[in-house]
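Since the structure comes first, as structure tokens, the remarks are kept for the end.
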Amino acid sequence: MQTTVEEELFCVNHPKEATLLRCSKCLNPICGRCAVRTPVGWRCPDCTGAVAGRTGYYVPTLLSQVTSQQYFKAIAAMLGVAILGGIAWGQFRLVGGWGDWSFWFVFAISLVSGEVVGRISNERRNPQLMWIAGAGVVLAAIVALLWTLGVSNDINPSQWSLYLGESISRRYLGLTLSNGFFVVLGALFAAQRVRE
Ligand SMILES: [Zn+2]
Ligand SMILES: [Zn+2]
């Protein structure tokens, strides 16, 4: 039986809050604090995928929403950058004679890693993409180290202890504190490219 009298409604999330508003999808009563404006009317947080923020509920922007396919592509591209960049870096060290160019390799790889992750994810920005872009720089450093170790005839891994703390470990492997610092900086720099 239909009634023309509006019964008093109370918000589903805040039972003490009287309201006249209902979610346009699930029809639950919602108060002003919970109502999220959408192109199809006011909706409750559950029906919009809204999350609680400091100033109320808000719907995460499209910009930060990344599909699993976009993550997959971003990770694949990042691995490509890390492997190619790392090999170039490691090979440059082996050819040698020009000193340690690690700073410039880190700089170039972090630029490319951030750029590639940003572009391939359709310019999405979120913390997960920041980790992916940053990982490209760290992985490139590892690839460079492994490439140098694997390809060089001058370095015999069984005599590893000989190289520790020796100038050869700096010369051939670039294992210095400042290079480690550059890699961390480069990872942060790459991550900035996809920061929300
Ligand atoms: Zn709803
Ligand atoms: Zn409410």
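For the structure tokens, the naming scheme is as follows: chains receive sequential letters (A, B, ...) according to their order of presentation, residues are indexed from 1 within each chain, and ligands are indexed from 1 in presentation order.
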How would you report the residues lying within 12 Å of ligand 2, as a ChimeraX atom specification, if you count only C-alpha atoms and all ligand atoms? /A:9-23,28-36,43-46,52,56-57
Could you pull the residues within 8 Å of stretch 96-111 of chain A, counting only C-alpha atoms, minus those fewer than 2 positions along the same chain, as a PyMOL selection string? chain A and resi 81-82+85+89+92-94+113-115+133-134+136-137+140-141+171-172+174+179+182-183+186-187+189-190
Can those selected residues be exported to a file as a compact mmCIF listing (two decimals), in the first residue's frame so that it contains N, CA and C atoms?
```
# COMPACT_ATOMS: atom_id res chain seq x y z
N VAL A 81 63.31 -1.08 -19.70
CA VAL A 81 64.22 0.05 -19.44
C VAL A 81 65.35 -0.39 -18.52
N ALA A 82 65.00 -1.14 -17.46
CA ALA A 82 66.00 -1.56 -16.48
C ALA A 82 67.03 -2.48 -17.12
N GLY A 85 68.95 -0.40 -20.02
CA GLY A 85 69.77 0.63 -19.38
C GLY A 85 70.89 0.01 -18.56
N TRP A 89 74.90 0.44 -19.16
CA TRP A 89 75.67 0.96 -18.03
C TRP A 89 76.82 0.01 -17.68
N PHE A 92 79.45 -0.09 -20.47
CA PHE A 92 80.26 1.13 -20.46
C PHE A 92 81.36 1.04 -19.42
N ARG A 93 81.02 0.47 -18.29
CA ARG A 93 82.02 0.29 -17.23
C ARG A 93 83.14 -0.63 -17.68
N LEU A 94 82.76 -1.70 -18.41
CA LEU A 94 83.74 -2.68 -18.86
C LEU A 94 84.69 -2.09 -19.87
N SER A 113 62.75 5.88 -17.14
CA SER A 113 61.85 5.00 -16.38
C SER A 113 60.57 5.74 -15.99
N GLY A 114 60.71 6.94 -15.48
CA GLY A 114 59.53 7.73 -15.10
C GLY A 114 58.67 8.07 -16.30
N GLU A 115 59.33 8.45 -17.39
CA GLU A 115 58.62 8.85 -18.61
C GLU A 115 57.84 7.67 -19.21
N ALA A 133 58.12 2.94 -11.22
CA ALA A 133 59.11 3.81 -11.87
C ALA A 133 60.43 3.81 -11.11
N GLY A 134 60.35 3.85 -9.78
CA GLY A 134 61.55 3.85 -8.96
C GLY A 134 62.31 2.53 -9.05
N GLY A 136 62.60 0.69 -11.54
CA GLY A 136 63.36 0.64 -12.78
C GLY A 136 64.80 1.06 -12.58
N VAL A 137 65.02 2.05 -11.76
CA VAL A 137 66.38 2.57 -11.52
C VAL A 137 67.18 1.57 -10.68
N ALA A 140 67.99 -1.48 -12.75
CA ALA A 140 69.03 -1.18 -13.74
C ALA A 140 70.41 -1.26 -13.09
N ALA A 141 70.51 -0.77 -11.85
CA ALA A 141 71.80 -0.82 -11.15
C ALA A 141 72.21 -2.27 -10.90
N ARG A 171 86.37 0.48 -9.71
CA ARG A 171 86.64 0.73 -11.12
C ARG A 171 85.74 -0.12 -12.01
N TYR A 172 85.58 -1.39 -11.64
CA TYR A 172 84.83 -2.27 -12.51
C TYR A 172 83.35 -2.36 -12.15
N GLY A 174 81.76 -0.08 -9.85
CA GLY A 174 81.16 1.18 -9.43
C GLY A 174 80.54 1.09 -8.06
N ASN A 179 77.63 6.27 -5.49
CA ASN A 179 76.80 5.65 -6.52
C ASN A 179 75.51 5.08 -5.94
N PHE A 182 73.28 7.94 -5.50
CA PHE A 182 72.70 8.37 -6.79
C PHE A 182 71.52 7.48 -7.17
N VAL A 183 71.66 6.17 -6.92
CA VAL A 183 70.60 5.23 -7.30
C VAL A 183 69.33 5.54 -6.51
N GLY A 186 67.92 8.72 -7.85
CA GLY A 186 67.34 8.48 -9.17
C GLY A 186 65.98 7.80 -9.07
N ALA A 187 65.85 6.85 -8.12
CA ALA A 187 64.57 6.16 -7.93
C ALA A 187 63.50 7.15 -7.48
N PHE A 189 63.54 10.35 -8.05
CA PHE A 189 63.32 11.25 -9.18
C PHE A 189 62.35 10.62 -10.19
N ALA A 190 62.58 9.35 -10.48
CA ALA A 190 61.70 8.65 -11.44
C ALA A 190 60.28 8.58 -10.89
```
Those of stretch 21-169 of chain A in DSSP alpha helix (DSSP H), formatted as JSON, numbers by chain: {"A": [45, 46, 47, 48, 68, 69, 70, 71, 72, 73, 74, 75, 76, 77, 78, 79, 80, 81, 82, 83, 84, 85, 86, 87, 88, 89, 90, 91, 92, 93, 94, 95, 102, 103, 104, 105, 106, 107, 108, 109, 110, 111, 112, 113, 114, 115, 116, 117, 118, 119, 120, 127, 128, 129, 130, 131, 132, 133, 134, 135, 136, 137, 138, 139, 140, 141, 142, 143, 144, 145, 146, 147, 148, 149, 150, 151, 160, 161, 162, 163, 167, 168, 169]}
Write out as an MDAnalysis selection string the set of residues from stretch 27-189 of chain A that DSSP, computed on the backbone, places in strand (DSSP E). chainID A and resid 36:38 41:43 51:53 56:58
Store the residues picked out above, limited to all heavy atoms, as a JSON list (two decimals), in the first residue's frame.
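The result, stored in selection00.json:
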```
[["chain", "number", "residue", "atom", "x", "y", "z"],
["A", 36, "VAL", "N", 27.41, 11.67, -2.00],
["A", 36, "VAL", "CA", 28.44, 11.95, -3.00],
["A", 36, "VAL", "C", 27.75, 12.37, -4.29],
["A", 36, "VAL", "O", 26.90, 11.64, -4.80],
["A", 36, "VAL", "CB", 29.30, 10.69, -3.26],
["A", 36, "VAL", "CG1", 30.37, 10.99, -4.30],
["A", 36, "VAL", "CG2", 29.93, 10.19, -1.96],
["A", 37, "ARG", "N", 28.08, 13.55, -4.79],
["A", 37, "ARG", "CA", 27.42, 14.03, -6.01],
["A", 37, "ARG", "C", 28.00, 13.30, -7.22],
["A", 37, "ARG", "O", 29.21, 13.23, -7.38],
["A", 37, "ARG", "CB", 27.64, 15.53, -6.16],
["A", 37, "ARG", "CG", 26.82, 16.13, -7.29],
["A", 37, "ARG", "CD", 27.41, 17.42, -7.77],
["A", 37, "ARG", "NE", 27.18, 18.53, -6.84],
["A", 37, "ARG", "CZ", 26.06, 19.24, -6.82],
["A", 37, "ARG", "NH1", 25.07, 18.95, -7.62],
["A", 37, "ARG", "NH2", 25.93, 20.24, -5.98],
["A", 38, "THR", "N", 27.12, 12.76, -8.04],
["A", 38, "THR", "CA", 27.56, 12.09, -9.26],
["A", 38, "THR", "C", 26.71, 12.63, -10.41],
["A", 38, "THR", "O", 25.69, 13.28, -10.16],
["A", 38, "THR", "CB", 27.38, 10.55, -9.18],
["A", 38, "THR", "OG1", 25.98, 10.26, -9.35],
["A", 38, "THR", "CG2", 27.86, 9.98, -7.87],
["A", 41, "GLY", "N", 23.00, 11.86, -9.95],
["A", 41, "GLY", "CA", 22.36, 12.20, -8.68],
["A", 41, "GLY", "C", 23.23, 11.88, -7.48],
["A", 41, "GLY", "O", 24.37, 11.42, -7.63],
["A", 42, "TRP", "N", 22.65, 12.12, -6.30],
["A", 42, "TRP", "CA", 23.40, 11.86, -5.07],
["A", 42, "TRP", "C", 23.43, 10.38, -4.80],
["A", 42, "TRP", "O", 22.42, 9.70, -4.96],
["A", 42, "TRP", "CB", 22.73, 12.58, -3.89],
["A", 42, "TRP", "CG", 22.80, 14.07, -4.02],
["A", 42, "TRP", "CD1", 21.83, 14.88, -4.50],
["A", 42, "TRP", "CD2", 23.89, 14.90, -3.66],
["A", 42, "TRP", "NE1", 22.24, 16.18, -4.47],
["A", 42, "TRP", "CE2", 23.50, 16.23, -3.96],
["A", 42, "TRP", "CE3", 25.16, 14.66, -3.12],
["A", 42, "TRP", "CZ2", 24.35, 17.32, -3.74],
["A", 42, "TRP", "CZ3", 26.00, 15.74, -2.90],
["A", 42, "TRP", "CH2", 25.59, 17.06, -3.21],
["A", 43, "ARG", "N", 24.58, 9.91, -4.40],
["A", 43, "ARG", "CA", 24.71, 8.48, -4.10],
["A", 43, "ARG", "C", 25.44, 8.27, -2.79],
["A", 43, "ARG", "O", 26.17, 9.14, -2.32],
["A", 43, "ARG", "CB", 25.45, 7.77, -5.24],
["A", 43, "ARG", "CG", 24.58, 7.63, -6.46],
["A", 43, "ARG", "CD", 25.07, 6.57, -7.39],
["A", 43, "ARG", "NE", 24.02, 6.26, -8.36],
["A", 43, "ARG", "CZ", 24.20, 5.50, -9.41],
["A", 43, "ARG", "NH1", 25.38, 4.95, -9.64],
["A", 43, "ARG", "NH2", 23.21, 5.24, -10.23],
["A", 51, "VAL", "N", 35.80, 6.89, -1.12],
["A", 51, "VAL", "CA", 36.58, 6.56, 0.07],
["A", 51, "VAL", "C", 36.54, 7.74, 1.04],
["A", 51, "VAL", "O", 36.35, 8.88, 0.63],
["A", 51, "VAL", "CB", 38.06, 6.22, -0.28],
["A", 51, "VAL", "CG1", 38.13, 4.94, -1.10],
["A", 51, "VAL", "CG2", 38.70, 7.36, -1.06],
["A", 52, "ALA", "N", 36.69, 7.43, 2.31],
["A", 52, "ALA", "CA", 36.63, 8.49, 3.32],
["A", 52, "ALA", "C", 37.90, 9.31, 3.26],
["A", 52, "ALA", "O", 39.01, 8.76, 3.29],
["A", 52, "ALA", "CB", 36.46, 7.87, 4.69],
["A", 53, "GLY", "N", 37.76, 10.60, 3.18],
["A", 53, "GLY", "CA", 38.91, 11.49, 3.18],
["A", 53, "GLY", "C", 38.84, 12.38, 4.41],
["A", 53, "GLY", "O", 37.96, 12.21, 5.25],
["A", 56, "GLY", "N", 35.54, 14.49, 4.19],
["A", 56, "GLY", "CA", 34.33, 13.80, 3.77],
["A", 56, "GLY", "C", 34.65, 12.75, 2.74],
["A", 56, "GLY", "O", 35.82, 12.47, 2.49],
["A", 57, "TYR", "N", 33.60, 12.19, 2.16],
["A", 57, "TYR", "CA", 33.83, 11.15, 1.16],
["A", 57, "TYR", "C", 34.18, 11.77, -0.18],
["A", 57, "TYR", "O", 33.69, 12.83, -0.54],
["A", 57, "TYR", "CB", 32.58, 10.29, 1.00],
["A", 57, "TYR", "CG", 32.36, 9.37, 2.16],
["A", 57, "TYR", "CD1", 31.61, 9.77, 3.25],
["A", 57, "TYR", "CD2", 32.93, 8.10, 2.16],
["A", 57, "TYR", "CE1", 31.42, 8.93, 4.33],
["A", 57, "TYR", "CE2", 32.74, 7.25, 3.23],
["A", 57, "TYR", "CZ", 32.00, 7.66, 4.31],
["A", 57, "TYR", "OH", 31.82, 6.83, 5.37],
["A", 58, "TYR", "N", 35.05, 11.10, -0.89],
["A", 58, "TYR", "CA", 35.34, 11.57, -2.24],
["A", 58, "TYR", "C", 35.60, 10.36, -3.14],
["A", 58, "TYR", "O", 35.99, 9.30, -2.67],
["A", 58, "TYR", "CB", 36.53, 12.52, -2.26],
["A", 58, "TYR", "CG", 37.86, 11.84, -2.01],
["A", 58, "TYR", "CD1", 38.68, 11.48, -3.07],
["A", 58, "TYR", "CD2", 38.27, 11.56, -0.71],
["A", 58, "TYR", "CE1", 39.88, 10.86, -2.84],
["A", 58, "TYR", "CE2", 39.47, 10.93, -0.48],
["A", 58, "TYR", "CZ", 40.28, 10.58, -1.54],
["A", 58, "TYR", "OH", 41.46, 9.95, -1.32]]
```
